[in-house]
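Chemist: Next comes the structure file coords.txt, holding compact mmCIF, C-alpha atoms.
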# COMPACT_ATOMS: atom_id res chain seq x y z
CA MET O 71 -17.81 36.00 15.92
CA ASP O 72 -17.06 32.47 17.06
CA LEU O 73 -20.29 31.24 15.49
CA ILE O 74 -19.37 32.87 12.19
CA GLN O 75 -15.94 31.22 12.25
CA GLN O 76 -17.49 27.84 13.06
CA GLU O 77 -19.95 28.22 10.21
CA LYS O 78 -17.13 29.11 7.80
CA GLN O 79 -15.17 26.10 8.99
CA LYS O 80 -18.16 23.82 8.36
CA VAL O 81 -18.54 25.23 4.84
CA ARG O 82 -14.82 24.68 4.13
CA LEU O 83 -15.08 21.13 5.46
CA ARG O 84 -18.11 20.44 3.28
CA TYR O 85 -16.42 21.81 0.18
CA GLY O 86 -13.21 19.96 0.99
CA ASN O 87 -15.06 16.65 1.28
CA CYS O 88 -16.87 17.34 -2.01
CA PHE O 89 -13.57 18.04 -3.76
CA PHE O 90 -12.08 14.86 -2.31
CA ILE O 91 -15.01 12.80 -3.62
CA GLY O 92 -14.32 14.40 -7.01
CA VAL O 93 -10.66 13.35 -6.75
CA LEU O 94 -11.73 9.78 -5.95
CA PHE O 95 -14.10 9.71 -8.92
CA TYR O 96 -11.35 10.98 -11.20
CA ALA O 97 -8.87 8.43 -9.80
CA ALA O 98 -11.40 5.66 -10.41
CA PHE O 99 -12.15 6.91 -13.92
CA VAL O 100 -8.52 6.95 -15.11
CA ARG O 101 -7.93 3.50 -13.59
CA ILE O 102 -11.06 1.89 -15.01
CA ILE O 103 -9.99 2.93 -18.50
CA GLY O 104 -7.83 0.04 -19.68
CA LEU O 105 -8.88 -2.28 -16.84
CA ASP O 106 -9.54 -4.96 -19.47
CA PHE O 107 -6.05 -4.48 -20.92
CA GLY O 108 -4.92 -7.50 -22.96
CA LEU O 109 -7.84 -9.75 -22.04
CA PRO O 110 -8.47 -12.53 -22.87
CA PHE O 111 -4.68 -12.69 -23.31
CA LEU O 112 -2.22 -12.11 -20.46
CA TYR O 113 0.80 -9.83 -20.76
CA ALA O 114 1.62 -9.86 -17.04
CA TYR O 115 2.57 -13.41 -16.02
CA ASP O 116 2.19 -12.66 -12.31
CA GLU O 117 -1.58 -12.32 -12.68
CA ARG O 118 -1.89 -16.00 -13.51
CA LEU O 119 -0.18 -17.01 -10.26
CA LEU O 120 -2.64 -15.17 -8.02
CA VAL O 121 -5.77 -16.03 -10.03
CA ASN O 122 -4.90 -19.72 -10.36
CA GLY O 123 -3.98 -19.80 -6.69
CA ALA O 124 -7.39 -18.40 -5.72
CA ILE O 125 -9.22 -20.84 -8.01
CA HIS O 126 -7.11 -23.69 -6.56
CA VAL O 127 -8.25 -22.70 -3.05
CA ILE O 128 -11.91 -22.88 -4.13
CA GLU O 129 -11.72 -26.08 -6.19
CA ASN O 130 -9.66 -28.07 -3.69
CA GLN O 131 -11.17 -26.46 -0.60
CA SER O 132 -7.66 -26.09 0.75
CA LEU O 133 -5.86 -23.04 2.12
CA ASN O 134 -2.56 -24.36 0.75
CA PRO O 135 -2.08 -22.42 -2.52
CA PRO O 136 0.21 -23.68 -5.30
CA TRP O 137 2.39 -20.54 -5.14
CA LEU O 138 4.15 -19.15 -2.06
CA GLY O 139 6.92 -17.16 -3.73
CA TRP O 140 5.71 -13.68 -2.65
CA PRO O 141 3.88 -15.20 -0.61
CA GLY O 142 0.62 -13.42 -1.55
CA CYS O 143 -1.59 -15.84 0.41
CA ILE O 144 -3.82 -13.17 1.92
CA LEU O 145 -4.58 -11.92 -1.62
CA MET O 146 -5.36 -15.41 -2.90
CA TYR O 147 -7.79 -15.93 -0.03
CA LEU O 148 -9.39 -12.55 -0.73
CA LEU O 149 -9.68 -13.29 -4.45
CA ALA O 150 -11.13 -16.73 -3.68
CA LEU O 151 -13.83 -15.05 -1.59
CA VAL O 152 -14.55 -12.55 -4.40
CA TYR O 153 -14.69 -15.32 -7.02
CA ALA O 154 -17.06 -17.38 -4.88
CA CYS O 155 -19.37 -14.36 -4.59
CA VAL O 156 -19.18 -13.69 -8.35
CA VAL O 157 -20.05 -17.30 -9.19
CA LEU O 158 -22.90 -17.36 -6.67
CA VAL O 159 -24.41 -14.10 -7.95
CA TYR O 160 -24.18 -15.29 -11.56
CA PHE O 161 -25.79 -18.60 -10.63
CA LEU O 162 -28.71 -16.85 -8.90
CA PHE O 163 -29.09 -14.51 -11.89
CA LEU O 164 -29.35 -17.46 -14.33
CA LEU O 165 -31.61 -19.32 -11.92
CA LEU O 166 -34.07 -16.40 -11.79
CA GLN O 167 -33.94 -16.11 -15.57
CA GLY O 168 -34.75 -19.80 -15.90
CA THR O 169 -31.60 -20.51 -17.92
CA VAL O 170 -30.54 -23.16 -15.40
CA SER O 171 -32.56 -25.09 -12.87
CA SER O 172 -29.85 -26.51 -10.58
CA TRP O 173 -26.26 -26.03 -9.47
CA SER O 174 -25.08 -29.11 -11.38
CA GLU O 175 -26.63 -27.79 -14.57
CA PHE O 176 -24.97 -24.42 -13.96
CA ILE O 177 -21.55 -26.05 -13.55
CA ALA O 178 -22.10 -28.17 -16.67
CA GLN O 179 -23.04 -25.15 -18.84
CA VAL O 180 -20.96 -22.30 -17.45
CA GLY O 181 -18.06 -24.07 -15.74
CA LYS O 182 -16.56 -25.37 -18.98
CA ASP O 183 -16.71 -21.93 -20.60
CA TRP O 184 -14.93 -20.35 -17.67
CA ASP O 185 -12.27 -23.04 -17.66
CA PHE O 186 -11.56 -22.28 -21.31
CA ASN O 187 -11.86 -18.49 -21.04
CA PRO O 188 -11.58 -17.33 -17.41
CA VAL O 189 -11.81 -13.59 -18.23
CA VAL O 190 -14.40 -13.02 -15.51
CA PHE O 191 -11.87 -14.01 -12.83
CA TYR O 192 -9.15 -11.72 -14.15
CA TYR O 193 -11.50 -8.79 -14.64
CA SER O 194 -13.06 -9.08 -11.17
CA GLY O 195 -9.58 -9.53 -9.68
CA ARG O 196 -8.43 -6.32 -11.32
CA TRP O 197 -11.39 -4.55 -9.75
CA VAL O 198 -10.10 -5.70 -6.36
CA MET O 199 -6.69 -4.16 -7.11
CA LEU O 200 -8.38 -0.95 -8.25
CA LEU O 201 -10.29 -0.73 -4.97
CA PHE O 202 -7.04 -1.19 -3.03
CA GLY O 203 -5.58 1.70 -5.04
CA LEU O 204 -8.57 3.96 -4.27
CA ALA O 205 -8.40 2.96 -0.60
CA THR O 206 -4.75 4.03 -0.55
CA ILE O 207 -5.71 7.47 -1.91
CA ALA O 208 -8.41 7.76 0.77
CA ALA O 209 -5.87 6.74 3.45
CA VAL O 210 -3.46 9.44 2.26
CA TYR O 211 -6.23 12.05 2.48
CA TRP O 212 -7.25 10.93 5.98
CA PHE O 213 -3.70 10.83 7.35
CA ILE O 214 -2.53 14.16 5.90
CA LYS O 215 -5.74 16.00 6.79
CA LYS O 216 -5.36 15.17 10.48
CA ARG O 217 -1.87 16.70 10.54
CA TYR O 218 -1.63 19.38 7.87
CA GLY O 219 -5.21 20.40 7.09
CA GLY O 220 -7.72 19.83 4.32
CA LYS O 221 -5.95 21.81 1.60
CA THR O 222 -2.73 19.81 1.95
CA ALA O 223 -4.66 16.54 2.17
CA LEU O 224 -6.62 17.36 -0.98
CA LEU O 225 -3.44 18.14 -2.90
CA ALA O 226 -1.78 14.93 -1.63
CA SER O 227 -4.72 12.75 -2.68
CA ALA O 228 -4.89 14.51 -6.07
CA ALA O 229 -1.18 13.86 -6.63
CA MET O 230 -1.63 10.21 -5.70
CA ALA O 231 -4.58 10.00 -8.10
CA VAL O 232 -2.48 11.09 -11.10
CA PHE O 233 0.79 9.22 -10.50
CA PRO O 234 1.15 7.29 -13.81
CA LEU O 235 2.88 4.22 -12.39
CA HIS O 236 0.26 3.83 -9.67
CA ILE O 237 -2.50 4.09 -12.28
CA TYR O 238 -0.85 1.40 -14.39
CA HIS O 239 -0.34 -1.13 -11.59
CA CYS O 240 -3.89 -0.66 -10.26
CA ARG O 241 -5.00 -2.41 -13.45
CA LEU O 242 -3.02 -5.60 -12.80
CA ILE O 243 -3.45 -8.41 -10.28
CA ARG O 244 -0.21 -8.20 -8.36
CA PRO O 245 0.62 -7.89 -4.64
CA ASP O 246 2.29 -4.47 -4.93
CA ILE O 247 -0.80 -2.23 -4.68
CA PRO O 248 -2.32 -4.08 -1.66
CA SER O 249 1.05 -4.22 0.12
CA ALA O 250 1.45 -0.45 -0.40
CA PHE O 251 -1.98 0.08 1.17
CA PHE O 252 -1.15 -2.10 4.20
CA ILE O 253 2.28 -0.48 4.66
CA PHE O 254 0.96 3.08 4.53
CA LEU O 255 -1.85 2.38 6.99
CA SER O 256 0.56 0.54 9.31
CA LEU O 257 2.88 3.55 9.40
CA ALA O 258 -0.09 5.93 9.75
CA PHE O 259 -1.30 4.13 12.87
CA LEU O 260 2.28 3.93 14.15
CA VAL O 261 2.55 7.73 13.91
CA ARG O 262 -0.80 8.04 15.72
CA PHE O 263 0.51 5.71 18.41
CA GLN O 264 3.53 7.95 18.93
CA GLU O 265 1.28 10.99 19.15
CA ARG O 266 -1.45 9.56 21.40
CA SER O 267 0.09 6.45 23.05
CA SER O 268 -3.07 4.46 22.34
CA PHE O 269 -2.61 0.68 22.38
CA LYS O 270 -5.37 0.37 19.78
CA ASP O 271 -3.22 2.31 17.28
CA PHE O 272 -0.23 0.14 18.17
CA LEU O 273 -2.28 -3.03 17.65
CA LEU O 274 -3.55 -1.85 14.25
CA ALA O 275 -0.03 -0.85 13.17
CA CYS O 276 1.28 -4.33 13.97
CA ILE O 277 -1.67 -6.18 12.36
CA LEU O 278 -1.43 -4.13 9.16
CA GLY O 279 2.34 -4.63 9.11
CA GLY O 280 1.83 -8.39 9.32
CA LEU O 281 -0.72 -8.27 6.49
CA ALA O 282 1.74 -6.25 4.38
CA VAL O 283 4.41 -8.94 4.76
CA SER O 284 1.79 -11.60 4.01
CA ALA O 285 1.05 -9.82 0.73
CA LYS O 286 4.72 -9.43 -0.26
CA TYR O 287 8.00 -10.35 1.41
CA THR O 288 9.68 -7.02 0.53
CA SER O 289 7.18 -5.34 2.87
CA ILE O 290 9.18 -6.74 5.79
CA VAL O 291 10.92 -3.35 5.87
CA VAL O 292 7.84 -2.03 7.71
CA VAL O 293 8.78 -4.20 10.69
CA LEU O 294 11.84 -2.05 11.45
CA PRO O 295 9.90 1.18 12.25
CA VAL O 296 7.50 -0.85 14.41
CA PHE O 297 10.41 -2.30 16.39
CA ILE O 298 12.16 1.07 16.73
CA VAL O 299 9.03 2.80 18.02
CA SER O 300 8.31 -0.11 20.37
CA LEU O 301 11.77 0.03 21.90
CA THR O 302 11.56 3.82 22.17
CA LYS O 303 8.27 3.59 24.05
CA ASP O 304 9.71 0.93 26.35
CA ALA O 305 12.67 3.19 27.10
CA GLU O 306 10.34 6.08 27.92
CA LYS O 307 8.63 3.94 30.56
CA GLU O 308 12.03 3.15 32.08
CA ARG O 309 11.53 -0.59 31.72
CA LEU O 310 15.10 -0.83 30.48
CA LEU O 311 16.29 0.07 33.98
CA GLY O 312 16.64 -2.17 37.01
CA GLY O 313 16.99 -5.46 35.14
CA ARG O 314 13.22 -5.75 34.65
CA TYR O 315 13.18 -5.43 30.87
CA PHE O 316 14.00 -9.08 30.11
CA ARG O 317 11.42 -10.33 32.62
CA ASP O 318 8.72 -8.02 31.23
CA THR O 319 9.62 -9.02 27.68
CA VAL O 320 9.19 -12.72 28.46
CA ARG O 321 5.78 -11.95 29.98
CA PHE O 322 4.79 -9.86 26.93
CA ARG O 323 4.45 -6.70 28.99
CA THR O 324 6.71 -4.58 26.77
CA TYR O 325 5.74 -3.02 23.48
CA PHE O 326 8.63 -4.77 21.73
CA SER O 327 7.57 -8.26 22.83
CA ARG O 328 3.93 -7.51 21.97
CA ALA O 329 4.96 -6.22 18.55
CA CYS O 330 6.87 -9.46 17.86
CA LEU O 331 3.91 -11.56 18.98
CA ILE O 332 1.24 -9.61 17.02
CA LEU O 333 3.32 -9.46 13.85
CA PHE O 334 4.08 -13.17 13.97
CA LEU O 335 0.48 -14.19 14.73
CA THR O 336 -0.90 -11.97 11.97
CA PHE O 337 1.56 -13.36 9.45
CA PHE O 338 0.95 -16.95 10.56
CA ILE O 339 -2.86 -16.65 10.46
CA SER O 340 -2.88 -14.95 7.05
CA THR O 341 -0.07 -17.11 5.58
CA PRO O 342 -0.09 -20.42 7.48
CA TYR O 343 1.43 -22.64 4.79
CA VAL O 344 4.68 -20.69 4.70
CA PHE O 345 5.31 -22.62 7.94
CA LEU O 346 3.23 -25.74 7.37
CA ASP O 347 4.68 -26.31 3.88
CA TYR O 348 7.98 -24.54 4.44
CA GLN O 349 9.99 -26.54 1.89
CA LYS O 350 7.77 -25.39 -0.97
CA ALA O 351 7.80 -21.83 0.37
CA ILE O 352 11.63 -21.76 0.53
CA ASP O 353 12.06 -23.27 -2.95
CA GLN O 354 9.62 -20.83 -4.56
CA LEU O 355 11.10 -17.86 -2.70
CA LEU O 356 14.59 -18.75 -3.95
CA PHE O 357 13.23 -19.15 -7.47
CA GLU O 358 11.50 -15.77 -7.30
CA ALA O 359 14.65 -14.08 -5.96
CA GLN O 360 16.92 -15.27 -8.78
CA GLY O 361 18.92 -12.36 -10.14
CA ASP O 362 19.72 -13.75 -13.59
CA ARG O 363 16.59 -12.55 -15.42
CA ILE O 364 17.37 -10.60 -18.56
CA GLY O 365 16.35 -6.96 -18.34
CA VAL O 366 15.61 -6.85 -14.61
CA GLU O 367 18.92 -8.09 -13.19
CA ARG O 368 20.77 -5.98 -10.62
CA LEU O 369 23.01 -3.22 -11.99
CA PRO O 370 26.58 -2.85 -10.67
CA GLY O 371 27.41 -0.56 -7.74
CA LEU O 372 24.91 2.19 -7.00
CA GLN O 373 23.45 2.12 -10.49
CA ASN O 374 20.49 0.14 -9.13
CA HIS O 375 19.62 3.04 -6.81
CA LEU O 376 19.99 5.53 -9.67
CA TRP O 377 17.70 3.36 -11.81
CA TYR O 378 15.06 3.34 -9.06
CA LEU O 379 15.39 7.12 -8.66
CA GLN O 380 14.79 7.60 -12.38
CA ALA O 381 11.87 5.15 -12.30
CA MET O 382 10.45 7.06 -9.35
CA GLN O 383 10.50 10.45 -11.02
CA GLN O 384 8.97 8.97 -14.19
CA GLY O 385 6.37 7.03 -12.21
CA MET O 386 5.37 10.17 -10.29
CA GLY O 387 5.01 12.22 -13.47
CA GLY O 388 8.31 14.10 -13.59
CA PHE O 389 10.88 15.99 -11.55
CA PHE O 390 8.22 18.51 -10.46
CA PHE O 391 6.69 15.97 -8.07
CA LEU O 392 10.01 14.48 -6.99
CA ILE O 393 11.64 17.82 -6.13
CA PHE O 394 8.72 19.04 -4.05
CA SER O 395 8.57 15.66 -2.31
CA ILE O 396 12.17 16.09 -1.23
CA MET O 397 11.41 19.65 -0.09
CA GLY O 398 8.42 18.32 1.86
CA GLY O 399 10.72 15.97 3.75
CA LEU O 400 12.98 18.91 4.64
CA PHE O 401 10.03 20.98 5.88
CA ILE O 402 8.77 18.09 8.04
CA TYR O 403 12.25 17.63 9.50
CA ARG O 404 12.34 21.35 10.30
CA ASP O 405 9.08 21.07 12.26
CA ARG O 406 10.87 18.83 14.81
CA LYS O 407 7.80 16.65 15.35
CA THR O 408 9.60 13.35 15.58
CA ALA O 409 6.49 11.17 15.20
CA ARG O 410 6.06 12.51 11.66
CA TYR O 411 9.64 11.79 10.66
CA TRP O 412 8.50 8.37 9.37
CA MET O 413 6.81 10.21 6.49
CA PHE O 414 10.24 10.70 4.93
CA LEU O 415 12.38 8.17 6.83
CA PHE O 416 10.43 5.12 5.69
CA PRO O 417 10.51 5.98 1.94
CA ILE O 418 14.28 6.52 2.23
CA LEU O 419 14.73 3.24 4.11
CA PHE O 420 12.61 1.29 1.64
CA TYR O 421 14.39 2.88 -1.33
CA VAL O 422 17.81 1.93 0.05
CA VAL O 423 16.73 -1.67 0.77
CA ILE O 424 15.20 -2.42 -2.65
CA GLY O 425 18.23 -0.83 -4.30
CA PHE O 426 20.44 -3.57 -2.83
CA THR O 427 18.26 -6.47 -4.01
CA HIS O 428 19.19 -8.78 -6.90
CA LEU O 429 16.31 -7.57 -9.09
CA ARG O 430 14.83 -4.25 -10.18
CA TRP O 431 11.14 -3.80 -10.82
CA ASP O 432 9.44 -0.43 -11.04
CA ARG O 433 6.42 -1.87 -9.23
CA TRP O 434 8.53 -2.31 -6.11
CA LEU O 435 8.30 1.46 -5.71
CA MET O 436 4.56 1.31 -4.95
CA PRO O 437 4.93 1.53 -1.12
CA ILE O 438 6.89 4.79 -1.54
CA PHE O 439 4.22 6.59 -3.57
CA PRO O 440 1.64 7.29 -0.79
CA PHE O 441 4.36 8.91 1.32
CA ALA O 442 5.70 10.79 -1.71
CA ALA O 443 2.22 12.22 -2.39
CA GLY O 444 1.99 13.55 1.17
CA LEU O 445 5.52 14.95 1.04
CA PHE O 446 4.79 16.62 -2.30
CA ALA O 447 1.70 18.39 -0.92
CA VAL O 448 3.57 19.60 2.17
CA GLY O 449 6.57 20.72 0.09
CA PHE O 450 4.50 22.54 -2.53
CA LEU O 451 2.25 24.47 -0.13
CA ARG O 452 5.04 25.31 2.32
CA SER O 453 7.14 26.58 -0.61
CA ARG O 454 4.21 28.68 -1.72
CA ASP O 455 3.86 30.16 1.77
CA TRP O 456 7.58 30.84 1.92
CA LEU O 457 7.48 32.65 -1.43
CA ALA O 458 4.40 34.57 -0.29
CA ALA O 459 6.40 35.96 2.61
CA LEU O 460 9.14 37.10 0.22
CA HIS O 461 6.90 38.30 -2.60
CA PRO O 462 3.33 39.11 -1.53
CA THR O 463 2.07 39.28 -5.14
CA LYS O 464 0.28 36.05 -6.00
CA GLY O 465 1.16 36.09 -9.65
CA TRP O 466 4.87 36.44 -8.86
CA ARG O 467 5.05 33.40 -6.60
CA TYR O 468 3.04 31.22 -8.98
CA PHE O 469 5.29 32.37 -11.81
CA ILE O 470 8.34 31.26 -9.83
CA LEU O 471 6.71 27.91 -9.03
CA SER O 472 5.71 27.30 -12.63
Could the structure of this file be written out as structure tokens, please?

Modeler:
Amino acid sequence: MDLIQQEKQKVRLRYGNCFFIGVLFYAAFVRIIGLDFGLPFLYAYDERLLVNGAIHVIENQSLNPPWLGWPGCILMYLLALVYACVVLVYFLFLLLQGTVSSWSEFIAQVGKDWDFNPVVFYYSGRWVMLLFGLATIAAVYWFIKKRYGGKTALLASAAMAVFPLHIYHCRLIRPDIPSAFFIFLSLAFLVRFQERSSFKDFLLACILGGLAVSAKYTSIVVVLPVFIVSLTKDAEKERLLGGRYFRDTVRFRTYFSRACLILFLTFFISTPYVFLDYQKAIDQLLFEAQGDRIGVERLPGLQNHLWYLQAMQQGMGGFFFLIFSIMGGLFIYRDRKTARYWMFLFPILFYVVIGFTHLRWDRWLMPIFPFAAGLFAVGFLRSRDWLAALHPTKGWRYFILS
């Protein structure tokens, strides 16, 4: 009997993985459509900042980019690497064809065209953003599957694949999609650390948190859960007692002190010129944070939060997703597994913080969407199970849900 059950489980796992690959293919398909939106013209000004910054890094062979307002340095370095590979591959292709015979000839023929019409850099950069979006969907599937099973994970990844706002921003070169990926993985490893007390998970959570802040300053919210969990773990080990906590902190023996060190080092290594050229970084940050831009300025009172709530339900595809996401948070709270509370606590925290900023952009909601997808799947399937207990007829419960 055990062998039969194991065989059935293997079959379910195989089918589940096949369905997930199908979800990924669909997510890629709907994001690739329109990936060349607007080109060779630009309708999203932010794209120019990252692309020009990456090209500046290559041309000047300097890690000091011209723009530090997000800061976005880790993305500029990544794009610079991608662009260098694209140029090298194209050069080798023309060399094998016999179109060019040397690097100088290649630069003379192709370089001028790309300076005038750099579509190849924007298009390849958008592919990088698309891959970050697909990686986020895969991360949602992996995290949810480990805790709620394959069916819930498949539904969560499918929901993430069809969120309209996520689809739209995966087609633009901005720091929001990568920062959402780093934030979600950071919190995922933080939850694993709470469950297993593995230092490797703690280290990954801190590194990914530092990379998230390096991609976008608003991601600094992820630092708070890391600090809270670190202090909680320190308290569990009773290092707060006997006057030893300060001594252990100075010697980097506590989780809190290690979190501070790892976060700072990750941010410094990935964004060094925020410190080395701090005056430029401060000036550009203040410019970026100006709240007097027409159409995106802060609304009075709590209207900013209401605007973000409306943008969230529209960006997720309607109230259907939003309501079940809220219900999913309630079900997770009812389970009393405190490590998983961050699945709904972090989206709430991030939502409150961005609501108090001087600007309002719908793309700032990107870090909330991976958590919302997981919450939606938990809320929908738990609601279905609850209705099944009340009304055993399948058609009846699906009628109520519809």

Chemist: Counting all atoms listed in the file, which residue out of O:Val232, O:Cys155, O:Tyr378, O:Val127 sits closest to Phe95 of chain O?

Modeler: O:Val232

Chemist: Which residue gives the smallest distance to Trp412 of chain O among O:Ser300, O:Gln264, O:Gln360, O:Ser453, with all atoms listed in the file counted?

Modeler: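 Smallest separation from Trp412 of chain O among the options: O:Gln264.
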
Chemist: Enclose all atoms of segment 364-372 of chain O listed in the file in an axis-aligned box, grow every side by 5 Å, and hand back centre and edge lengths in Å to one decimal, as lines of an AutoDock Vina configuration file.

Modeler:
center_x = 21.5
center_y = -4.2
center_z = -12.8
size_x = 21.8
size_y = 22.8
size_z = 21.6

Chemist: Would you mind listing what lies within 10 Å of Ser395 of chain O as a list in words, with only C-alpha atoms counted and same-chain residues fewer than 6 positions away left out?

Modeler: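 Non-adjacent residues within range: Phe389, Phe401, Phe414, Phe441, Ala442, Ala443, Gly444, Leu445, Phe446, Ala447, Val448, Gly449 and Phe450 of chain O.
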
Chemist: Looking at O:Ala178, O:Ala209, O:Leu278, O:Val156, which one is nearest to Pro440 of chain O, with distances taken over all atoms listed in the file?

Modeler: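 For Pro440 of chain O, the nearest of the candidates is O:Ala209.
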
Chemist: Just checking: using only C-alpha atoms, which residue out of O:Phe161, O:Phe90, O:Phe99, O:Phe233 ends up closest to Gly387 of chain O?

Modeler: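 Counting only C-alpha atoms, the residue closest to Gly387 of chain O is O:Phe233.
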
Chemist: Can you work out the spacing between atom CA of Leu346 of chain O and atom CA of Val296 of chain O in Å, to one decimal?

Modeler: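 Atom CA of Val296 of chain O lies at a distance of 26.2 Å from atom CA of Leu346 of chain O.
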
Chemist: Atom CA of Lys221 of chain O to atom CA of Leu257 of chain O: how many Å, to one decimal?

Modeler: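 Separating atom CA of Lys221 of chain O from atom CA of Leu257 of chain O is a distance of 21.7 Å.
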
Chemist: Using only C-alpha atoms, which of the listed residues (O:Leu151, O:Ile91, O:Val344, O:Val299) sits closest to Ser284 of chain O?

Modeler: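 Among O:Leu151, O:Ile91, O:Val344, O:Val299, it is O:Val344 that comes nearest to Ser284 of chain O.
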
Chemist: In Å, how far is it from atom CA of Leu133 of chain O to atom CA of Phe163 of chain O?

Modeler: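 Result for atom CA of Leu133 of chain O versus atom CA of Phe163 of chain O: 28.4 Å, one decimal.
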